[in-house]
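For reference, structure31.cif is printed below; it contains mmCIF, C-alpha atoms and all ligand atoms.
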data_coords
loop_
_atom_site.label_atom_id
_atom_site.label_comp_id
_atom_site.auth_asym_id
_atom_site.auth_seq_id
_atom_site.Cartn_x
_atom_site.Cartn_y
_atom_site.Cartn_z
CA MET A 144 -9.96 40.17 -92.04
CA SER A 145 -13.12 39.55 -93.99
CA ALA A 146 -14.51 36.51 -92.15
CA SER A 147 -16.64 36.88 -89.04
CA PRO A 148 -14.44 37.73 -86.00
CA ASP A 149 -16.08 35.15 -83.72
CA ARG A 150 -14.46 32.35 -85.74
CA TYR A 151 -10.96 33.30 -84.62
CA ALA A 152 -8.98 33.21 -81.39
CA PHE A 153 -7.62 36.33 -79.69
CA ASP A 154 -4.10 36.18 -81.14
CA THR A 155 -5.42 35.86 -84.69
CA LEU A 156 -7.85 38.73 -84.23
CA ALA A 157 -5.10 40.90 -82.71
CA VAL A 158 -3.04 40.49 -85.90
CA HIS A 159 -5.78 40.69 -88.51
CA ALA A 160 -9.14 41.99 -87.29
CA GLY A 161 -10.45 45.04 -89.08
CA GLN A 162 -7.71 44.99 -91.71
CA THR A 163 -7.98 43.65 -95.24
CA PRO A 164 -5.16 43.92 -97.83
CA SER A 165 -6.07 46.74 -100.16
CA PRO A 166 -7.73 45.44 -103.39
CA GLU A 167 -5.82 48.16 -105.27
CA HIS A 168 -2.20 47.31 -104.37
CA GLY A 169 -2.40 44.40 -101.93
CA ALA A 170 -0.57 46.21 -99.10
CA VAL A 171 -0.64 43.83 -96.15
CA MET A 172 -0.21 46.56 -93.53
CA GLU A 173 -2.98 49.09 -93.09
CA PRO A 174 -2.17 52.28 -95.05
CA VAL A 175 -1.83 55.49 -93.04
CA VAL A 176 -4.37 57.84 -94.59
CA LEU A 177 -3.28 61.26 -93.41
CA SER A 178 -5.80 63.23 -95.43
CA SER A 179 -7.92 65.49 -93.23
CA THR A 180 -10.67 65.66 -95.84
CA PHE A 181 -12.14 63.51 -98.64
CA ALA A 182 -13.34 64.53 -102.11
CA GLN A 183 -17.09 64.08 -102.62
CA PRO A 184 -18.59 63.26 -106.02
CA GLU A 185 -21.65 65.38 -105.18
CA PRO A 186 -22.34 67.80 -102.30
CA GLY A 187 -23.27 65.86 -99.18
CA ARG A 188 -22.69 62.42 -100.79
CA PRO A 189 -19.22 61.35 -99.67
CA LEU A 190 -17.85 58.00 -100.89
CA ARG A 191 -17.25 56.71 -97.38
CA TYR A 192 -15.55 59.45 -95.35
CA ASP A 193 -16.01 63.19 -95.44
CA TYR A 194 -13.72 64.66 -92.77
CA SER A 195 -11.11 62.94 -90.59
CA ARG A 196 -12.57 64.09 -87.25
CA SER A 197 -15.79 62.31 -88.15
CA GLY A 198 -14.06 59.23 -89.56
CA ASN A 199 -10.77 58.14 -91.10
CA PRO A 200 -9.82 54.81 -92.77
CA THR A 201 -6.79 54.15 -90.53
CA ARG A 202 -8.76 55.00 -87.40
CA ALA A 203 -11.66 52.84 -88.58
CA ALA A 204 -9.31 49.84 -88.97
CA LEU A 205 -8.07 50.34 -85.40
CA GLU A 206 -11.63 50.73 -84.11
CA ARG A 207 -12.72 47.48 -85.81
CA CYS A 208 -9.67 45.65 -84.45
CA LEU A 209 -10.23 46.88 -80.87
CA ALA A 210 -13.93 46.01 -81.05
CA ALA A 211 -13.05 42.48 -82.23
CA ILE A 212 -10.46 41.76 -79.53
CA GLU A 213 -12.80 43.02 -76.79
CA GLY A 214 -15.76 41.03 -78.16
CA GLY A 215 -17.69 44.22 -78.92
CA THR A 216 -19.52 45.39 -82.01
CA SER A 217 -18.42 49.05 -82.02
CA GLY A 218 -15.10 50.65 -81.11
CA PHE A 219 -14.15 54.30 -80.81
CA ALA A 220 -10.59 55.61 -80.67
CA PHE A 221 -9.57 58.78 -78.85
CA ALA A 222 -6.56 61.03 -78.43
CA SER A 223 -5.95 59.71 -74.89
CA GLY A 224 -7.52 57.47 -72.27
CA SER A 225 -8.68 60.62 -70.49
CA ALA A 226 -10.34 61.87 -73.70
CA ALA A 227 -12.18 58.53 -73.96
CA THR A 228 -13.30 58.85 -70.33
CA TYR A 229 -14.44 62.43 -70.71
CA THR A 230 -16.31 61.72 -73.93
CA LEU A 231 -18.14 58.84 -72.26
CA LEU A 232 -19.00 61.03 -69.25
CA HIS A 233 -20.80 63.36 -71.68
CA THR A 234 -23.54 60.74 -71.95
CA LEU A 235 -24.54 62.08 -68.50
CA THR A 236 -26.41 65.29 -67.72
CA PRO A 237 -26.39 67.56 -64.64
CA GLY A 238 -28.08 65.91 -61.68
CA ASP A 239 -26.87 62.43 -62.65
CA ARG A 240 -24.67 60.45 -60.25
CA VAL A 241 -21.73 58.14 -60.84
CA ILE A 242 -20.58 55.36 -58.51
CA CYS A 243 -16.87 54.76 -58.86
CA GLY A 244 -14.44 52.37 -57.18
CA ASP A 245 -12.36 54.05 -54.48
CA ASP A 246 -9.00 53.26 -56.12
CA VAL A 247 -8.73 54.60 -59.67
CA TYR A 248 -6.13 56.33 -61.82
CA GLY A 249 -5.54 59.83 -60.36
CA GLY A 250 -6.58 61.48 -63.64
CA THR A 251 -9.92 59.65 -63.62
CA PHE A 252 -10.51 60.81 -60.04
CA ARG A 253 -9.59 64.34 -61.10
CA LEU A 254 -11.99 64.29 -64.08
CA LEU A 255 -14.86 63.05 -61.91
CA ASP A 256 -14.14 65.21 -58.88
CA LYS A 257 -12.73 68.44 -60.34
CA VAL A 258 -14.25 68.62 -63.84
CA CYS A 259 -17.62 66.82 -63.73
CA ARG A 260 -18.68 67.74 -60.18
CA PRO A 261 -18.73 71.52 -60.89
CA HIS A 262 -20.96 70.69 -63.88
CA GLY A 263 -23.51 69.00 -61.62
CA ILE A 264 -22.44 65.37 -62.04
CA GLU A 265 -21.56 63.95 -58.65
CA THR A 266 -19.49 60.87 -57.96
CA THR A 267 -19.56 58.61 -54.92
CA PHE A 268 -16.32 56.67 -54.46
CA VAL A 269 -16.85 53.31 -52.75
CA ASP A 270 -14.85 50.18 -52.06
CA LEU A 271 -16.73 47.92 -54.44
CA GLY A 272 -15.08 44.89 -52.82
CA GLN A 273 -17.00 45.43 -49.54
CA PRO A 274 -20.18 43.34 -49.41
CA GLY A 275 -23.24 45.58 -49.71
CA ALA A 276 -21.20 48.72 -50.56
CA LEU A 277 -22.54 49.05 -54.08
CA GLU A 278 -26.16 48.31 -53.12
CA SER A 279 -26.13 51.06 -50.47
CA ALA A 280 -24.47 53.57 -52.81
CA PHE A 281 -27.27 53.37 -55.43
CA ASP A 282 -29.92 56.06 -55.48
CA ALA A 283 -32.57 57.17 -57.95
CA ARG A 284 -30.10 59.48 -59.71
CA THR A 285 -27.36 56.85 -60.28
CA ARG A 286 -26.71 56.68 -64.01
CA LEU A 287 -23.25 55.08 -64.34
CA ILE A 288 -20.89 52.74 -62.53
CA TRP A 289 -17.18 53.19 -63.16
CA LEU A 290 -15.19 50.08 -62.44
CA GLU A 291 -11.42 49.93 -62.76
CA THR A 292 -10.07 46.41 -62.24
CA PRO A 293 -7.31 45.61 -61.42
CA THR A 294 -7.13 49.03 -59.83
CA ASN A 295 -4.40 51.61 -60.23
CA PRO A 296 -2.23 51.48 -58.16
CA LEU A 297 -3.41 49.10 -55.40
CA LEU A 298 -4.22 46.24 -57.79
CA LYS A 299 -7.52 45.40 -56.12
CA VAL A 300 -9.68 43.10 -58.22
CA PHE A 301 -13.43 43.73 -58.34
CA ASP A 302 -16.02 41.18 -59.40
CA ILE A 303 -17.22 42.43 -62.80
CA ARG A 304 -20.05 39.90 -63.09
CA GLN A 305 -21.40 40.65 -59.63
CA VAL A 306 -21.32 44.42 -60.21
CA THR A 307 -22.95 44.17 -63.65
CA GLU A 308 -25.74 41.94 -62.30
CA LEU A 309 -26.56 44.41 -59.52
CA ALA A 310 -26.42 47.28 -62.01
CA ARG A 311 -28.54 45.55 -64.64
CA ALA A 312 -31.32 45.00 -62.09
CA ARG A 313 -31.41 48.81 -61.72
CA GLY A 314 -30.91 49.62 -65.42
CA VAL A 315 -27.54 51.31 -64.82
CA PRO A 316 -24.69 50.86 -67.34
CA VAL A 317 -21.28 49.67 -66.14
CA VAL A 318 -18.01 50.90 -67.62
CA VAL A 319 -14.91 48.79 -67.02
CA ASP A 320 -11.52 50.45 -67.38
CA ASN A 321 -9.64 47.41 -68.72
CA THR A 322 -6.30 49.20 -69.08
CA PHE A 323 -4.37 47.20 -66.44
CA ALA A 324 -5.52 43.74 -67.56
CA SER A 325 -5.69 44.43 -71.30
CA PRO A 326 -8.08 42.51 -73.58
CA ALA A 327 -5.58 39.63 -73.62
CA LEU A 328 -6.29 38.88 -69.95
CA GLN A 329 -9.83 40.07 -69.27
CA SER A 330 -13.05 40.35 -71.29
CA PRO A 331 -15.46 42.64 -69.39
CA LEU A 332 -18.17 42.67 -72.10
CA GLU A 333 -18.48 38.89 -71.74
CA LEU A 334 -18.95 39.38 -68.00
CA GLY A 335 -21.85 41.80 -68.60
CA ALA A 336 -20.16 45.22 -68.79
CA THR A 337 -21.81 47.82 -71.04
CA VAL A 338 -18.62 49.57 -72.13
CA VAL A 339 -14.91 48.81 -71.97
CA MET A 340 -12.56 51.76 -71.70
CA HIS A 341 -8.82 51.70 -72.43
CA SER A 342 -5.87 53.95 -72.17
CA THR A 343 -4.30 52.44 -75.30
CA THR A 344 -1.17 54.34 -74.23
CA LYS A 345 -0.48 51.27 -72.07
CA TYR A 346 -0.54 47.56 -72.94
CA VAL A 347 -2.67 47.85 -76.09
CA ASN A 348 -0.01 49.90 -77.88
CA GLY A 349 2.74 48.55 -75.67
CA HIS A 350 5.69 50.61 -76.83
CA SER A 351 5.33 53.90 -74.94
CA ASP A 352 5.26 55.94 -78.13
CA VAL A 353 1.56 56.86 -78.37
CA VAL A 354 -0.98 58.50 -76.06
CA GLY A 355 -4.40 57.13 -76.95
CA GLY A 356 -7.71 55.83 -75.66
CA ALA A 357 -10.66 53.71 -76.69
CA LEU A 358 -14.25 52.80 -75.87
CA ILE A 359 -15.83 49.51 -76.98
CA THR A 360 -19.43 48.37 -76.60
CA ARG A 361 -22.07 45.94 -77.87
CA ASP A 362 -24.91 48.33 -77.04
CA GLU A 363 -26.01 49.81 -80.37
CA ALA A 364 -27.95 52.74 -78.90
CA LEU A 365 -24.98 53.73 -76.77
CA ALA A 366 -22.66 53.27 -79.78
CA GLU A 367 -24.77 55.79 -81.73
CA ARG A 368 -24.44 58.30 -78.90
CA LEU A 369 -20.68 57.71 -78.61
CA ARG A 370 -20.26 58.14 -82.38
CA PHE A 371 -22.05 61.48 -82.11
CA LEU A 372 -19.98 62.59 -79.09
CA GLN A 373 -16.67 61.43 -80.61
CA ASN A 374 -17.31 63.67 -83.59
CA ALA A 375 -18.90 66.55 -81.69
CA ILE A 376 -16.21 66.77 -79.00
CA GLY A 377 -13.44 65.91 -81.45
CA ALA A 378 -10.81 64.40 -79.11
CA VAL A 379 -9.69 61.99 -81.85
CA PRO A 380 -6.26 60.45 -82.46
CA SER A 381 -4.11 61.16 -85.51
CA PRO A 382 -4.08 58.53 -88.29
CA PHE A 383 -0.39 57.93 -87.60
CA ASP A 384 -1.05 57.20 -83.92
CA CYS A 385 -3.85 54.83 -84.98
CA TYR A 386 -1.38 53.03 -87.22
CA LEU A 387 1.13 52.68 -84.37
CA VAL A 388 -1.52 51.26 -82.03
CA LEU A 389 -2.67 48.83 -84.75
CA ARG A 390 0.92 47.71 -85.11
CA GLY A 391 1.39 47.39 -81.35
CA VAL A 392 -1.78 45.42 -80.78
CA LYS A 393 -0.59 42.62 -83.07
CA THR A 394 1.85 41.44 -80.39
CA LEU A 395 -0.43 42.07 -77.40
CA GLY A 396 -0.95 38.36 -76.69
CA VAL A 397 2.75 37.45 -76.78
CA ARG A 398 3.77 40.54 -74.85
CA MET A 399 1.18 39.91 -72.11
CA ALA A 400 2.34 36.30 -71.69
CA ARG A 401 5.86 37.57 -70.99
CA HIS A 402 4.66 40.42 -68.73
CA VAL A 403 2.67 37.91 -66.67
CA ALA A 404 5.47 35.32 -66.44
CA SER A 405 8.09 37.88 -65.37
CA ALA A 406 5.78 39.76 -62.98
CA THR A 407 4.80 36.46 -61.31
CA GLU A 408 8.45 35.54 -60.80
CA LEU A 409 9.43 38.98 -59.48
CA ALA A 410 6.37 39.21 -57.21
CA ARG A 411 7.28 35.84 -55.64
CA ARG A 412 10.86 36.94 -54.99
CA LEU A 413 9.80 40.34 -53.63
CA GLU A 414 7.26 38.73 -51.31
CA ALA A 415 9.98 36.52 -49.81
CA ASP A 416 12.29 39.52 -49.29
CA ARG A 417 12.58 41.13 -45.83
CA ARG A 418 13.42 44.53 -47.34
CA VAL A 419 9.86 44.67 -48.68
CA GLU A 420 6.92 45.18 -46.33
CA ARG A 421 4.10 44.16 -48.60
CA VAL A 422 3.66 43.02 -52.20
CA ARG A 423 0.41 43.38 -54.12
CA TYR A 424 0.08 41.22 -57.22
CA PRO A 425 -3.22 39.55 -58.19
CA GLY A 426 -1.33 36.42 -59.33
CA LEU A 427 0.05 35.73 -55.83
CA PRO A 428 -1.99 33.36 -53.62
CA SER A 429 -1.51 35.91 -50.77
CA HIS A 430 -3.45 38.58 -52.72
CA PRO A 431 -6.86 39.08 -51.05
CA ASP A 432 -8.65 38.81 -54.42
CA HIS A 433 -6.52 35.99 -55.85
CA ALA A 434 -9.40 33.50 -56.24
CA LEU A 435 -11.46 36.13 -58.07
CA ALA A 436 -8.47 37.04 -60.26
CA LEU A 437 -8.08 33.37 -61.25
CA ARG A 438 -11.78 33.26 -62.21
CA GLN A 439 -12.02 36.59 -63.97
CA MET A 440 -8.58 37.04 -65.54
CA ARG A 441 -6.29 34.92 -67.70
CA GLY A 442 -3.16 35.82 -65.70
CA GLY A 443 -2.20 38.21 -62.91
CA GLY A 444 -1.03 41.01 -65.23
CA GLY A 445 2.27 42.84 -65.49
CA MET A 446 1.89 45.33 -62.64
CA ILE A 447 3.23 44.93 -59.09
CA SER A 448 2.83 47.35 -56.20
CA LEU A 449 5.04 47.12 -53.15
CA ASP A 450 5.63 48.92 -49.89
CA VAL A 451 9.36 49.31 -49.44
CA ALA A 452 10.39 48.87 -45.77
CA GLY A 453 11.33 52.30 -44.40
CA GLY A 454 8.50 54.39 -45.89
CA GLU A 455 8.91 57.31 -48.28
CA PRO A 456 12.65 57.96 -47.70
CA ALA A 457 13.43 54.32 -48.50
CA ALA A 458 11.04 54.35 -51.49
CA ARG A 459 12.84 57.43 -52.82
CA ARG A 460 16.27 55.77 -52.40
CA PHE A 461 14.93 52.63 -54.08
CA LEU A 462 13.58 54.53 -57.09
CA ALA A 463 16.72 56.64 -57.46
CA SER A 464 18.89 53.49 -57.49
CA LEU A 465 17.11 51.61 -60.29
CA ARG A 466 19.11 51.24 -63.51
CA VAL A 467 17.04 49.02 -65.82
CA PHE A 468 13.62 50.17 -64.57
CA ALA A 469 13.13 53.81 -65.63
CA LEU A 470 11.61 56.13 -63.05
CA ALA A 471 8.59 57.33 -65.03
CA GLU A 472 4.81 57.58 -65.08
CA SER A 473 2.81 55.26 -67.33
CA LEU A 474 2.96 51.50 -67.74
CA GLY A 475 2.36 48.63 -70.11
CA GLY A 476 5.31 49.15 -72.45
CA VAL A 477 8.00 46.63 -73.37
CA GLU A 478 10.40 48.54 -71.09
CA SER A 479 10.17 48.28 -67.30
CA LEU A 480 9.05 51.37 -65.40
CA ALA A 481 8.82 52.26 -61.73
CA GLU A 482 7.07 55.17 -60.05
CA HIS A 483 5.83 56.60 -56.75
CA PRO A 484 2.01 56.94 -57.07
CA GLY A 485 1.63 59.29 -54.08
CA ILE A 486 4.03 61.83 -55.58
CA MET A 487 3.48 61.15 -59.27
CA THR A 488 0.42 59.52 -60.92
CA HIS A 489 -1.97 59.95 -57.97
CA ALA A 490 -0.80 63.33 -56.65
CA SER A 491 -4.21 64.82 -57.55
CA ILE A 492 -5.82 62.67 -54.82
CA PRO A 493 -5.64 64.39 -51.40
CA ARG A 494 -3.14 62.66 -49.07
CA GLU A 495 -5.75 61.83 -46.35
CA ARG A 496 -7.89 60.14 -48.98
CA ARG A 497 -4.89 58.21 -50.29
CA LEU A 498 -3.91 57.03 -46.82
CA ALA A 499 -7.52 56.06 -46.06
CA ILE A 500 -7.58 53.62 -48.98
CA GLY A 501 -4.11 52.20 -48.22
CA LEU A 502 -2.13 54.19 -50.78
CA GLY A 503 0.75 54.98 -48.43
CA ASP A 504 3.88 57.12 -48.83
CA GLY A 505 6.12 54.05 -49.17
CA LEU A 506 4.15 52.59 -52.09
CA VAL A 507 6.07 51.96 -55.30
CA ARG A 508 4.47 50.73 -58.52
CA LEU A 509 6.32 48.57 -61.03
CA SER A 510 5.40 47.97 -64.65
CA VAL A 511 7.32 44.81 -65.51
CA GLY A 512 8.60 44.89 -69.09
CA VAL A 513 9.77 42.13 -71.39
CA GLU A 514 13.52 42.40 -70.62
CA ALA A 515 15.35 39.31 -69.29
CA VAL A 516 13.79 38.58 -65.91
CA GLU A 517 17.16 37.95 -64.21
CA ASP A 518 18.33 41.44 -65.22
CA LEU A 519 15.13 42.87 -63.76
CA TRP A 520 15.60 40.96 -60.51
CA ALA A 521 19.25 42.02 -60.23
CA ASP A 522 18.13 45.63 -60.66
CA LEU A 523 15.42 45.38 -57.97
CA ASP A 524 17.82 43.54 -55.65
CA GLN A 525 20.54 46.18 -55.82
CA ALA A 526 18.01 49.03 -55.46
CA LEU A 527 16.47 47.34 -52.39
CA ALA A 528 19.95 47.04 -50.90
CA ARG A 529 20.50 50.78 -51.39
CA ALA A 530 17.03 51.58 -50.06
CA ALA A 531 17.87 49.63 -46.90
CA GLY A 532 21.13 51.61 -46.62
CA LEU A 533 23.33 48.53 -47.15
O1 LIG A 601 -2.93 58.82 -69.88
P1 LIG A 601 -4.20 58.54 -70.66
O2 LIG A 601 -3.98 57.84 -71.94
O3 LIG A 601 -5.08 59.75 -70.76
O4 LIG A 601 -5.03 57.45 -69.79
C1 LIG A 601 -5.57 57.71 -68.54
C2 LIG A 601 -5.67 56.44 -67.75
C3 LIG A 601 -6.89 55.83 -67.62
N1 LIG A 601 -7.05 54.67 -66.92
C4 LIG A 601 -5.99 54.07 -66.33
C5 LIG A 601 -6.20 52.81 -65.56
C6 LIG A 601 -4.72 54.64 -66.43
O5 LIG A 601 -3.69 54.02 -65.83
C7 LIG A 601 -4.55 55.86 -67.15
C8 LIG A 601 -3.22 56.53 -67.25
N2 LIG A 601 -2.32 56.14 -66.26
C9 LIG A 601 -1.04 56.61 -66.11
C10 LIG A 601 -0.49 57.54 -66.88
C11 LIG A 601 -0.29 56.01 -64.99
O6 LIG A 601 0.95 56.09 -64.95
O7 LIG A 601 -0.94 55.40 -64.13
#
Can you give me the file's structure in the form of structure tokens?
Ligand code: P1T
Amino acid sequence: MSASPDRYAFDTLAVHAGQTPSPEHGAVMEPVVLSSTFAQPEPGRPLRYDYSRSGNPTRAALERCLAAIEGGTSGFAFASGSAATYTLLHTLTPGDRVICGDDVYGGTFRLLDKVCRPHGIETTFVDLGQPGALESAFDARTRLIWLETPTNPLLKVFDIRQVTELARARGVPVVVDNTFASPALQSPLELGATVVMHSTTKYVNGHSDVVGGALITRDEALAERLRFLQNAIGAVPSPFDCYLVLRGVKTLGVRMARHVASATELARRLEADRRVERVRYPGLPSHPDHALALRQMRGGGGMISLDVAGGEPAARRFLASLRVFALAESLGGVESLAEHPGIMTHASIPRERRLAIGLGDGLVRLSVGVEAVEDLWADLDQALARAAGL
């Protein structure tokens, strides 16, 4: 798309941004340029690209598209969400401190606690929803705030604007992991965030056939640093994976609308069901952060967490009985998935810590896909019956 991105709505940008039909052959879809290196007319004077770790045309198209749909000016694609996180954490140096929400993806916790801490970068995990919690966690060494919202897996919603205002007053950048909402439902840069991070493995790609990550910012100085680190660390995605994510992102808006509609319907039915102890879904009026979710998001998302009555044994029976939902890690694809965070995605968080934040042994997480909602309900209904021993 050659015209300025701010003239177009999200769905138009998702289809076109960063991609222009080739002047040579008019191909409408972005070509996959697999070449690892590029011929230079003179030593040190490449035409545009010199080496595919440093930059690649297919990756550049994806990076422009992601920047446009997040309202940023620079985008960086990575080989996974974790690679994006780790590259960003390299902007810190030993002695620096991170403040992170207390409920985050287990792999993010593991990176901060098991990889960065031994290198002298300490993280304080706090419930950012508690009044005053962030203010009292700041100290002179705080250099980054890591905000995942909605959180994985408890689906807490944190106030991005409030956090970024407190952080700005202290000159501390805020990273928002926007994986669960996706850029279709939440725009952290507009709410003051410095960087948006994505596991593009999830909603952005949407078809569970790529592992990828991204960072997007409007801060030019930070973008320079990220460009340097992306190349120096080298955790970059293949051109083919970039092509698949570019293809997936085109339908992000329509997919999210369906995820939200079906998740809302299923969350309502689950909440009214006696075989379920508790349902967490930001789109339900009973969710503690519902008012904030309405303000900050354009829909409650496609993820539901529930406590199955009967604790872990019942949760295990429930998961083993599902037929349409696949029992698998990950989320955000067109197919429905279910998992047990305590045993699977969040096993790297010690059990006492999990229980302390409300991540119990009966918790099940659902990623609601785009299948017919009545088939999804029938599946949940029969699995709940089996979980209850009926
Ligand atoms: O798996 P990877 O692409 O490296 O992304 C890591 C990541 C980062 N942030 C959030 C919010 C995530 O959910 C993830 C990955 N999460 C899963 C695999 C999962 O099932 O929760």
Handout entry: Selection as a ChimeraX atom specification: residues within 7 Å of ligand LIG 601 (chain A) by all atoms listed in the file
Key = /A:223-226,247-248,250-251,291,294-295,320,322-323,341-344,354-356,472-474,488
Fill in the blank from the handout: If you count all atoms listed in the file, the residue of A:Pro296, A:Phe153, A:Ala283, A:Tyr194 closest to Arg497 of chain A turns out to be A:Pro296
Handout entry: Selected residue of minimal separation from Glu265 of chain A among A:Leu372, A:Ala434, A:Leu290, A:Leu235, counting only C-alpha atoms
Key =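 Checking each candidate against Glu265 of chain A, we get A:Leu235 as the closest.
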Box in all listed atoms of segment 306-314 of chain A, axis-aligned, with 8 Å more on each side; write out centre and edge lengths in Å to one decimal as JSON.
{"center_x": -26.4, "center_y": 45.8, "center_z": -62.5, "size_x": 26.1, "size_y": 23.7, "size_z": 21.9}
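Going from atom CA of Arg253 of chain A over to atom CA of Ala490 of chain A, you cover 9.9 Å.
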Handout entry: Residue among A:Pro484, A:His168, A:Gly244, A:Val388 lying closest to Ala222 of chain A, counting all atoms listed in the file
Key =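 When distances to Ala222 of chain A are compared using all atoms listed in the file, the smallest one comes from A:Val388.
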Problem - Separation of atom CA of His262 of chain A from atom CA of Leu498 of chain A in Å - result: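 Pair atom CA of Leu498 of chain A / atom CA of His262 of chain A returns 27.7 Å.
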Problem - Selected residue, from A:Thr228, A:Gln183, A:Thr155, A:Thr407, that lies nearest to Gly442 of chain A when counting all atoms listed in the file - result: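 Of all the options, A:Thr407 lies closest to Gly442 of chain A.
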Practice task
Record the distance separating atom CA of Gln373 of chain A and atom CA of Ala312 of chain A, expressed in Å with one decimal.
Solution key: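 So the answer is 28.8 Å.
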Neighbour list for segment 453-455 of chain A as a compact mmCIF listing (two decimals) with C-alpha atoms, keeping the file's coordinate frame, cut-off 8 Å, only C-alpha atoms, skip fewer than 2 positions in-chain:
# COMPACT_ATOMS: atom_id res chain seq x y z
CA ASP A 450 5.63 48.92 -49.89
CA VAL A 451 9.36 49.31 -49.44
CA ALA A 457 13.43 54.32 -48.50
CA ALA A 458 11.04 54.35 -51.49
CA ARG A 459 12.84 57.43 -52.82
CA ASP A 504 3.88 57.12 -48.83
CA GLY A 505 6.12 54.05 -49.17
CA LEU A 506 4.15 52.59 -52.09
CA ALA A 531 17.87 49.63 -46.90
Exercise for the section: Write out as a ChimeraX atom specification which residues come within 7 Å of Ala452 of chain A when counting all atoms listed in the file, dropping same-chain ones fewer than 3 positions away. Expected result: /A:418-420,457
Problem - Best match for closeness to Leu389 of chain A among A:Thr236, A:Ser429, A:Gln305, A:Asn348, counting only C-alpha atoms - result: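 Going through A:Thr236, A:Ser429, A:Gln305, A:Asn348 one by one, the smallest distance to Leu389 of chain A is for A:Asn348.
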Exercise for the section: Select, from A:Ala436, A:Gly512, A:Ser197, A:Leu287, the residue with the minimum atom-to-atom distance to Phe181 of chain A, counting only C-alpha atoms. Expected result: A:Ser197
Could segment 241-245 of chain A be completed with all heavy atoms and written as a CSV table (one decimal), keeping the file's coordinate frame, please?
chain,number,residue,atom,x,y,z
A,241,VAL,N,-22.6,59.2,-60.5
A,241,VAL,CA,-21.7,58.1,-60.8
A,241,VAL,C,-21.3,57.4,-59.6
A,241,VAL,O,-21.1,58.1,-58.5
A,241,VAL,CB,-20.5,58.7,-61.6
A,241,VAL,CG1,-19.5,57.5,-61.9
A,241,VAL,CG2,-20.8,59.5,-62.8
A,242,ILE,N,-21.2,56.1,-59.6
A,242,ILE,CA,-20.6,55.4,-58.5
A,242,ILE,C,-19.3,54.8,-59.1
A,242,ILE,O,-19.2,54.2,-60.2
A,242,ILE,CB,-21.5,54.2,-58.0
A,242,ILE,CG1,-22.8,54.7,-57.5
A,242,ILE,CG2,-20.7,53.4,-57.0
A,242,ILE,CD1,-23.8,53.6,-57.1
A,243,CYS,N,-18.2,55.1,-58.4
A,243,CYS,CA,-16.9,54.8,-58.9
A,243,CYS,C,-16.1,54.0,-57.8
A,243,CYS,O,-16.3,54.3,-56.6
A,243,CYS,CB,-16.1,56.1,-59.2
A,243,CYS,SG,-14.5,55.8,-59.9
A,244,GLY,N,-15.3,53.0,-58.1
A,244,GLY,CA,-14.4,52.4,-57.2
A,244,GLY,C,-13.5,53.4,-56.5
A,244,GLY,O,-13.3,54.5,-57.0
A,245,ASP,N,-13.1,53.1,-55.3
A,245,ASP,CA,-12.4,54.0,-54.5
A,245,ASP,C,-10.9,54.1,-54.9
A,245,ASP,O,-10.2,55.1,-54.5
A,245,ASP,CB,-12.5,53.8,-53.0
A,245,ASP,CG,-11.9,52.4,-52.6
A,245,ASP,OD1,-11.7,51.6,-53.5
A,245,ASP,OD2,-11.8,52.1,-51.4
